[in-house]
Structures are given as structure tokens and as C-alpha cells.
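Below is model_11.txt, which holds compact mmCIF, C-alpha atoms and all ligand atoms.
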```
# COMPACT_ATOMS: atom_id res chain seq x y z
CA MET A 96 0.00 0.00 0.00
CA SER A 97 1.26 3.48 -0.87
CA ASP A 98 2.35 5.67 2.01
CA ILE A 99 1.01 8.81 0.33
CA ARG A 100 -2.48 9.95 -0.65
CA PRO A 101 -3.73 10.20 -4.26
CA HIS A 102 -1.99 12.99 -6.26
CA GLU A 103 0.59 13.65 -3.56
CA ILE A 104 4.25 13.95 -4.55
CA LYS A 105 7.22 13.09 -2.40
CA PHE A 106 10.93 13.45 -2.98
CA PRO A 107 13.87 11.65 -1.44
CA LEU A 108 15.16 13.90 1.29
CA PRO A 109 18.65 15.31 0.73
CA GLU A 110 21.29 15.05 3.43
CA PRO A 111 20.38 17.66 6.07
CA GLU A 112 22.41 20.82 6.29
CA ASP A 113 23.18 21.20 9.95
CA ALA A 114 21.14 23.93 11.67
CA SER A 115 22.07 22.63 15.14
CA LEU A 116 18.87 23.47 16.97
CA TYR A 117 18.75 23.57 20.74
CA PHE A 118 15.48 22.25 22.10
CA ILE A 119 14.90 24.72 24.95
CA GLY A 120 12.02 22.88 26.54
CA ARG A 121 9.07 20.57 26.13
CA ILE A 122 5.36 21.24 25.71
CA HIS A 123 2.83 19.34 27.84
CA THR A 124 -0.70 19.24 26.41
CA PRO A 125 -3.74 16.99 26.92
CA TRP A 126 -3.20 15.32 23.51
CA THR A 127 -1.30 12.09 22.93
CA ASP A 128 -2.73 11.23 19.50
CA ARG A 129 -2.41 13.54 16.49
CA LYS A 130 -6.03 13.03 15.52
CA ASP A 131 -7.15 14.51 18.86
CA CYS A 132 -5.09 17.73 18.51
CA PRO A 133 -6.88 20.84 17.28
CA ARG A 134 -5.89 21.82 13.72
CA GLN A 135 -5.01 25.26 15.09
CA GLY A 136 -4.80 26.30 18.73
CA ARG A 137 -7.48 28.57 20.17
CA GLN A 138 -6.92 30.99 23.00
CA ASP A 139 -9.98 29.58 24.75
CA GLY A 140 -8.43 26.10 24.54
CA PRO A 141 -7.17 24.15 27.57
CA GLU A 142 -4.31 25.34 29.76
CA CYS A 143 -1.04 23.70 28.73
CA ARG A 144 2.37 23.70 30.38
CA VAL A 145 5.51 24.77 28.56
CA GLU A 146 8.50 23.44 30.48
CA ILE A 147 11.79 25.29 29.95
CA PHE A 148 15.04 23.39 30.41
CA GLU A 149 18.18 24.67 32.11
CA PRO A 150 20.23 26.72 31.30
CA TRP A 151 17.44 28.64 29.55
CA VAL A 152 15.15 29.26 32.54
CA GLN A 153 16.70 32.66 33.32
CA ALA A 154 16.01 33.67 29.71
CA LEU A 155 12.35 33.97 30.80
CA LYS A 156 13.15 37.13 32.76
CA GLY A 157 10.55 39.79 31.83
CA ILE A 158 8.25 37.43 29.92
CA GLU A 159 5.53 37.79 32.57
CA ALA A 160 4.88 41.34 31.33
CA TYR A 161 3.32 40.00 28.15
CA ASP A 162 -0.25 38.79 27.63
CA GLU A 163 0.65 36.81 24.52
CA VAL A 164 3.74 34.97 23.39
CA GLU A 165 4.70 33.29 20.14
CA LEU A 166 5.85 29.72 20.57
CA LEU A 167 7.87 27.86 17.94
CA TYR A 168 8.02 24.10 18.24
CA TRP A 169 9.36 21.12 16.35
CA LEU A 170 6.60 18.85 15.05
CA ASP A 171 8.79 15.85 15.65
CA LYS A 172 6.39 13.13 14.48
CA SER A 173 5.96 14.62 10.99
CA ARG A 174 7.23 13.22 7.75
CA ARG A 175 9.31 15.79 5.89
CA ASP A 176 9.40 14.64 2.27
CA LEU A 177 6.13 15.85 0.66
CA VAL A 178 6.21 18.75 -1.78
CA ILE A 179 2.60 18.35 -2.96
CA GLN A 180 -0.07 17.39 -0.42
CA ASN A 181 -3.67 16.30 -0.60
CA PRO A 182 -5.08 17.34 2.75
CA GLY A 183 -8.68 16.56 1.85
CA HIS A 184 -8.02 13.14 0.22
CA SER A 185 -9.57 14.57 -2.95
CA GLU A 186 -8.49 15.82 -6.39
CA ASP A 187 -7.30 19.08 -4.85
CA THR A 188 -3.62 19.33 -4.12
CA PHE A 189 -1.53 22.10 -2.63
CA GLY A 190 2.15 22.83 -2.37
CA THR A 191 3.56 22.33 1.09
CA PHE A 192 4.30 26.06 1.42
CA ALA A 193 0.67 26.89 0.66
CA LEU A 194 -0.43 24.89 3.70
CA ARG A 195 0.00 25.05 7.48
CA SER A 196 0.31 21.27 7.49
CA PRO A 197 2.80 19.79 10.00
CA VAL A 198 4.32 17.93 7.03
CA ARG A 199 7.13 20.15 5.77
CA PRO A 200 10.90 19.94 5.25
CA ASN A 201 11.53 21.72 8.55
CA PRO A 202 8.47 20.87 10.66
CA ILE A 203 8.28 24.05 12.72
CA GLY A 204 4.89 24.92 14.19
CA THR A 205 3.98 28.35 15.52
CA VAL A 206 1.16 29.66 17.67
CA LYS A 207 0.34 32.92 19.34
CA ALA A 208 -0.50 31.69 22.84
CA LYS A 209 -2.24 33.42 25.72
CA LEU A 210 0.21 33.63 28.63
CA VAL A 211 -1.78 32.70 31.75
CA SER A 212 1.08 32.60 34.28
CA VAL A 213 4.76 31.96 34.81
CA GLU A 214 5.49 29.34 37.47
CA GLY A 215 9.26 28.98 37.89
CA PRO A 216 10.53 27.12 34.80
CA ASN A 217 7.00 26.64 33.44
CA LEU A 218 4.78 28.86 31.33
CA ILE A 219 1.07 28.14 31.60
CA VAL A 220 -0.51 29.02 28.26
CA ARG A 221 -3.65 28.56 26.20
CA GLY A 222 -3.80 28.23 22.43
CA LEU A 223 -1.72 25.17 21.64
CA ASP A 224 -2.36 22.45 19.07
CA CYS A 225 0.53 20.01 19.49
CA LEU A 226 1.10 16.59 20.99
CA SER A 227 2.27 16.30 24.57
CA GLY A 228 6.06 16.00 24.55
CA THR A 229 6.59 18.21 21.49
CA PRO A 230 10.05 19.87 21.67
CA LEU A 231 10.13 23.66 22.06
CA VAL A 232 12.40 25.66 19.73
CA ASP A 233 11.85 29.29 20.77
CA ILE A 234 9.65 31.79 22.60
CA LYS A 235 9.14 35.36 21.45
CA PRO A 236 6.98 38.07 22.98
CA ASP A 237 4.00 39.21 20.98
CA ARG A 238 5.32 41.18 18.00
CA CYS A 239 2.78 43.98 18.53
CA GLN A 240 4.21 44.76 21.95
CA PHE A 241 7.66 46.02 20.99
CA SER A 242 8.84 46.61 24.54
CA PRO A 243 7.80 45.02 27.82
CA LYS A 244 4.91 46.70 29.61
CA ALA A 245 6.92 46.68 32.82
CA SER A 246 10.67 46.96 33.17
CA PRO A 247 12.18 43.72 34.42
CA LYS A 248 13.72 44.02 37.88
CA PRO A 249 17.55 44.01 37.94
N1 LIG B 1 -0.19 26.01 14.72
C1 LIG B 1 0.92 25.40 14.04
C2 LIG B 1 1.20 26.18 12.76
O1 LIG B 1 0.26 26.69 12.15
O2 LIG B 1 2.37 26.28 12.37
C3 LIG B 1 0.73 23.92 13.77
C4 LIG B 1 -0.48 23.59 12.93
S1 LIG B 1 -0.55 21.88 12.47
C5 LIG B 1 -1.90 21.91 11.32
C6 LIG B 1 -1.25 21.14 13.91
C7 LIG B 1 -1.41 19.65 13.70
O3 LIG B 1 -0.12 19.05 13.72
C8 LIG B 1 -2.18 18.98 14.80
O4 LIG B 1 -3.57 19.01 14.56
C9 LIG B 1 -1.64 17.55 14.73
O5 LIG B 1 -2.33 16.82 13.73
C10 LIG B 1 -0.21 17.73 14.22
N2 LIG B 1 0.79 17.60 15.29
C11 LIG B 1 0.73 18.08 16.55
N3 LIG B 1 1.85 17.81 17.23
C12 LIG B 1 2.66 17.14 16.39
C13 LIG B 1 3.98 16.59 16.51
N4 LIG B 1 4.69 16.66 17.64
N5 LIG B 1 4.50 15.97 15.42
C14 LIG B 1 3.78 15.88 14.27
N6 LIG B 1 2.54 16.37 14.10
C15 LIG B 1 1.98 17.01 15.14
```
With the file now loaded, output its structure as C-alpha cells.
Amino acid sequence: MSDIRPHEIKFPLPEPEDASLYFIGRIHTPWTDRKDCPRQGRQDGPECRVEIFEPWVQALKGIEAYDEVELLYWLDKSRRDLVIQNPGHSEDTFGTFALRSPVRPNPIGTVKAKLVSVEGPNLIVRGLDCLSGTPLVDIKPDRCQFSPKASPKP
């Protein structure tokens, strides 16, 4: 049986060029099966815990001043070799870069999450759509808030 859907196109993956990512933490959500995850996170979704690893915990300094944060994560269970995808199992196909599918050469997911609280090395957030255990790549404050609302204490 084929491992791709009708009309999809895959390519053999080239040798990776080394981007040397650091996974800075892990995301804990209620979902352990991809089919149970929301397609896109909603800010009225369940509270989830974003665990930050050492030595990156002190890099959270000042984050509590923001209502929203962008999270970037590595969709580690995704295949990476499809250039044309058939998300609806129909005649319609789309290029990978015309989709927000987790299937992409570099499977980075992003959400704008509601920051509920900061509890030591953990951020409590709403708005996620990934499996529990998904590796965290980066955190950025909301791009509309160019500077923190409150100055971080020295
Ligand atoms: N919000 C992100 C974005 O737009 O970049 C991700 C959207 S993607 C459509 C979300 C889907 O990815 C989920 O519904 C689930 O099917 C799948 N998914 C979640 N966690 C994953 C993981 N760790 N590895 C592979 N697929 C995952």
C-alpha cells in the first residue's frame, strides 16, 4: 500500500544541512494522538504547560509582562518529504508552502499563545495544538508589543 495519498508527490530527502537546533524545553498538552489535537490552537483552549530546560530558565526574565507569546516548536512526528499534499483526500492538491500542514521539510509549528502565568521554569498558556512532549524551539513576545509593559527588575 502506498504511504502517500492520491496525487501527492514526495521526494527523497537530501542530506540535512546542519542547523544545530537547541530544544529549549518541552510542551505538555492533553493530547497524545495527532487526531485529537486541534488543527489550530485557540486561546480559549485548555491550559497547557511549557517546560523550559536549564540553562534557559533565566532567559524567561521579563516574559511575565506579556499577555501573549509566540511559541515555535518542532513537530517531531511529521514526515518531511512531501512537496505536494492532498489534505482533503480529494483531487485538490496544494504545495507544502501553501499549507500550514505539519508535514514540511523543517516541521516548525507556531502559535500565538495566551500567557496565563509563569510558574518557575513553566509557562502556563492557552492556544496550543501540538502533541504532549513536542520539543520547544523558541519563545518570542507578541510582535505587537515592541517593549515590555513593565521593566524587568535588575
Ligand atoms: N499552529 C501550528 C502552525 O500553524 O504552524 C501547527 C499547525 S498543524 C496543522 C497542527 C497539527 O499538527 C495537529 O492538529 C496535529 O495533527 C499535528 N501535530 C501536533 N503535534 C505534532 C507533533 N509533535 N508531530 C507531528 N505532528 C503534530
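Going from CA of Ile158 (chain A) over to atom O1 of ligand LIG 1 (chain B), you cover 22.2 Å.
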Find the residues of chain A that sit at most 9 Å from ligand LIG 1 (chain B); for each, write down the nearest two atoms and how far apart they are in Å, to one decimal. Count only C-alpha atoms and all ligand atoms. Sort by chain, then by number going up, and give it as a tab-separated table.
```
residue	atom	partner	partner_atom	distance
A:Trp126	CA	B:LIG1	N3	8.4
A:Thr127	CA	B:LIG1	N3	8.7
A:Asp128	CA	B:LIG1	C9	8.0
A:Arg129	CA	B:LIG1	O5	4.3
A:Lys130	CA	B:LIG1	O5	5.6
A:Asp131	CA	B:LIG1	O4	7.2
A:Cys132	CA	B:LIG1	O4	4.4
A:Pro133	CA	B:LIG1	O4	4.7
A:Arg134	CA	B:LIG1	O4	3.7
A:Gln135	CA	B:LIG1	N1	4.9
A:Gly136	CA	B:LIG1	N1	6.1
A:Leu167	CA	B:LIG1	O2	8.0
A:Tyr168	CA	B:LIG1	N4	8.2
A:Trp169	CA	B:LIG1	N4	6.6
A:Leu170	CA	B:LIG1	N5	3.6
A:Asp171	CA	B:LIG1	N5	4.3
A:Lys172	CA	B:LIG1	N5	3.5
A:Ser173	CA	B:LIG1	C14	4.1
A:Arg174	CA	B:LIG1	C14	7.8
A:Leu194	CA	B:LIG1	C5	8.3
A:Arg195	CA	B:LIG1	O1	5.0
A:Ser196	CA	B:LIG1	C5	4.5
A:Pro197	CA	B:LIG1	S1	4.7
A:Val198	CA	B:LIG1	N6	7.5
A:Pro202	CA	B:LIG1	C14	7.7
A:Ile203	CA	B:LIG1	O2	6.3
A:Gly204	CA	B:LIG1	O2	3.4
A:Thr205	CA	B:LIG1	O2	4.1
A:Val206	CA	B:LIG1	N1	4.9
A:Lys207	CA	B:LIG1	N1	8.3
A:Gly222	CA	B:LIG1	N1	8.8
A:Leu223	CA	B:LIG1	N1	7.1
A:Asp224	CA	B:LIG1	C6	5.4
A:Cys225	CA	B:LIG1	N3	3.4
A:Leu226	CA	B:LIG1	N3	4.0
A:Ser227	CA	B:LIG1	N4	7.3
A:Gly228	CA	B:LIG1	N4	7.1
A:Thr229	CA	B:LIG1	N4	4.6
A:Pro230	CA	B:LIG1	N4	7.4
```
Handout entry: Nearest to Phe189 (chain A) by atom-to-atom distance, counting only C-alpha atoms, from A:Ile99, A:Ile104, A:Val232, A:Cys143
Key =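 Closest to Phe189 (chain A), using only C-alpha atoms: A:Ile104.
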Practice task
Measuring atom to atom with all atoms listed in the file, identify which of A:Thr191, A:Tyr161, A:His184, A:Pro216 is nearest to Asp237 (chain A).
Solution key: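 The shortest atom-to-atom distance to Asp237 (chain A) comes from A:Tyr161.
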Problem - Given all atoms listed in the file as the counted atoms, nearest of A:Ile219, A:Pro236, A:Lys105, A:Glu149 to Arg199 (chain A) - result: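 Of A:Ile219, A:Pro236, A:Lys105, A:Glu149, the one nearest Arg199 (chain A) is A:Lys105, counting all atoms listed in the file.
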Exercise for the section: Take CA of Gln138 (chain A) and CA of Ile119 (chain A) and report the distance between them in Å, one decimal. Expected result: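 So the answer is 22.8 Å.
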Handout entry: Spatial sel., origin (4.0, 8.2, 2.0), limit 12 Å, only C-alpha atoms, listed as a PyMOL selection string
Key = chain A and resi 96-107+173-181+198
Handout entry: Spatial neighbours of Lys209 (chain A), 7 Å, only C-alpha atoms, chain gap at least 5 places, as a count of residues only
Key = 7
Handout entry: Using only C-alpha atoms: which of A:Ala160, A:Leu116, A:His123, A:Ala208 has the shortest distance to Arg137 (chain A)
Key =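 For Arg137 (chain A), the nearest of the candidates is A:Ala208.
Here CA of Pro141 (chain A) is placed at a distance of 22.1 Å from CA of Leu155 (chain A).
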Just need region 207-223 of chain A in a file, please: all heavy atoms, as a tab-separated table (two decimals), in the first residue's frame.
```tsv
chain	number	residue	atom	x	y	z
A	207	LYS	N	0.36	31.79	18.43
A	207	LYS	CA	0.34	32.92	19.34
A	207	LYS	C	-0.48	32.44	20.53
A	207	LYS	O	-1.68	32.14	20.39
A	207	LYS	CB	-0.34	34.11	18.66
A	207	LYS	CG	-0.25	35.38	19.47
A	207	LYS	CD	-1.18	36.44	18.91
A	207	LYS	CE	-0.44	37.38	18.00
A	207	LYS	NZ	-1.23	38.63	17.77
A	208	ALA	N	0.17	32.29	21.68
A	208	ALA	CA	-0.50	31.69	22.84
A	208	ALA	C	-0.81	32.76	23.88
A	208	ALA	O	-0.07	33.75	24.02
A	208	ALA	CB	0.40	30.62	23.46
A	209	LYS	N	-1.89	32.55	24.60
A	209	LYS	CA	-2.24	33.42	25.72
A	209	LYS	C	-1.38	33.00	26.91
A	209	LYS	O	-1.37	31.82	27.30
A	209	LYS	CB	-3.72	33.22	26.03
A	209	LYS	CG	-4.21	33.88	27.27
A	209	LYS	CD	-5.07	35.07	26.92
A	209	LYS	CE	-5.48	35.83	28.16
A	209	LYS	NZ	-4.90	37.16	28.22
A	210	LEU	N	-0.63	33.96	27.48
A	210	LEU	CA	0.21	33.63	28.63
A	210	LEU	C	-0.62	33.80	29.91
A	210	LEU	O	-0.98	34.91	30.29
A	210	LEU	CB	1.44	34.55	28.66
A	210	LEU	CG	2.41	34.31	29.81
A	210	LEU	CD1	2.94	32.88	29.83
A	210	LEU	CD2	3.58	35.30	29.71
A	211	VAL	N	-0.93	32.68	30.55
A	211	VAL	CA	-1.78	32.70	31.75
A	211	VAL	C	-0.94	33.02	32.98
A	211	VAL	O	-1.28	33.87	33.80
A	211	VAL	CB	-2.49	31.34	31.92
A	211	VAL	CG1	-3.32	31.30	33.19
A	211	VAL	CG2	-3.36	31.05	30.69
A	212	SER	N	0.21	32.35	33.12
A	212	SER	CA	1.08	32.60	34.28
A	212	SER	C	2.47	32.02	34.01
A	212	SER	O	2.66	31.20	33.11
A	212	SER	CB	0.48	31.98	35.56
A	212	SER	OG	0.34	30.59	35.40
A	213	VAL	N	3.39	32.50	34.84
A	213	VAL	CA	4.76	31.96	34.81
A	213	VAL	C	5.00	31.34	36.17
A	213	VAL	O	4.86	32.01	37.20
A	213	VAL	CB	5.79	33.07	34.54
A	213	VAL	CG1	7.20	32.50	34.47
A	213	VAL	CG2	5.45	33.82	33.25
A	214	GLU	N	5.30	30.06	36.20
A	214	GLU	CA	5.49	29.34	37.47
A	214	GLU	C	6.87	28.70	37.45
A	214	GLU	O	7.03	27.57	36.97
A	214	GLU	CB	4.38	28.31	37.66
A	214	GLU	CG	3.01	28.99	37.71
A	214	GLU	CD	1.84	28.02	37.78
A	214	GLU	OE1	2.06	26.80	37.91
A	214	GLU	OE2	0.69	28.50	37.67
A	215	GLY	N	7.88	29.48	37.92
A	215	GLY	CA	9.26	28.98	37.89
A	215	GLY	C	9.66	28.68	36.46
A	215	GLY	O	9.57	29.56	35.58
A	216	PRO	N	10.07	27.45	36.15
A	216	PRO	CA	10.53	27.12	34.80
A	216	PRO	C	9.38	26.79	33.84
A	216	PRO	O	9.63	26.30	32.74
A	216	PRO	CB	11.41	25.90	35.03
A	216	PRO	CG	10.81	25.24	36.23
A	216	PRO	CD	10.27	26.34	37.10
A	217	ASN	N	8.16	27.01	34.26
A	217	ASN	CA	7.00	26.64	33.44
A	217	ASN	C	6.18	27.86	33.04
A	217	ASN	O	5.91	28.73	33.87
A	217	ASN	CB	6.07	25.70	34.21
A	217	ASN	CG	6.76	24.41	34.59
A	217	ASN	OD1	7.16	23.64	33.71
A	217	ASN	ND2	6.92	24.17	35.89
A	218	LEU	N	5.78	27.89	31.77
A	218	LEU	CA	4.78	28.86	31.33
A	218	LEU	C	3.46	28.11	31.22
A	218	LEU	O	3.41	27.02	30.64
A	218	LEU	CB	5.12	29.41	29.95
A	218	LEU	CG	6.48	30.08	29.74
A	218	LEU	CD1	6.56	30.63	28.32
A	218	LEU	CD2	6.70	31.16	30.77
A	219	ILE	N	2.41	28.69	31.79
A	219	ILE	CA	1.07	28.14	31.60
A	219	ILE	C	0.41	28.98	30.51
A	219	ILE	O	0.34	30.21	30.63
A	219	ILE	CB	0.25	28.19	32.92
A	219	ILE	CG1	1.05	27.55	34.07
A	219	ILE	CG2	-1.09	27.51	32.72
A	219	ILE	CD1	1.46	26.10	33.87
A	220	VAL	N	0.00	28.31	29.44
A	220	VAL	CA	-0.51	29.02	28.26
A	220	VAL	C	-1.79	28.36	27.76
A	220	VAL	O	-2.07	27.20	28.06
A	220	VAL	CB	0.53	29.04	27.11
A	220	VAL	CG1	1.83	29.69	27.54
A	220	VAL	CG2	0.78	27.65	26.57
A	221	ARG	N	-2.52	29.12	26.96
A	221	ARG	CA	-3.65	28.56	26.20
A	221	ARG	C	-3.39	28.83	24.72
A	221	ARG	O	-2.79	29.84	24.38
A	221	ARG	CB	-4.97	29.26	26.57
A	221	ARG	CG	-5.44	29.00	27.97
A	221	ARG	CD	-6.79	29.71	28.17
A	221	ARG	NE	-7.22	29.69	29.54
A	221	ARG	CZ	-7.95	28.70	30.08
A	221	ARG	NH1	-8.32	27.69	29.33
A	221	ARG	NH2	-8.30	28.76	31.34
A	222	GLY	N	-3.88	27.96	23.87
A	222	GLY	CA	-3.80	28.23	22.43
A	222	GLY	C	-2.93	27.24	21.67
A	222	GLY	O	-2.59	27.50	20.52
A	223	LEU	N	-2.61	26.12	22.31
A	223	LEU	CA	-1.72	25.17	21.64
A	223	LEU	C	-2.49	24.12	20.83
A	223	LEU	O	-3.70	23.94	21.01
A	223	LEU	CB	-0.82	24.50	22.68
A	223	LEU	CG	0.36	25.40	23.07
A	223	LEU	CD1	1.05	24.89	24.31
A	223	LEU	CD2	1.35	25.48	21.92
```
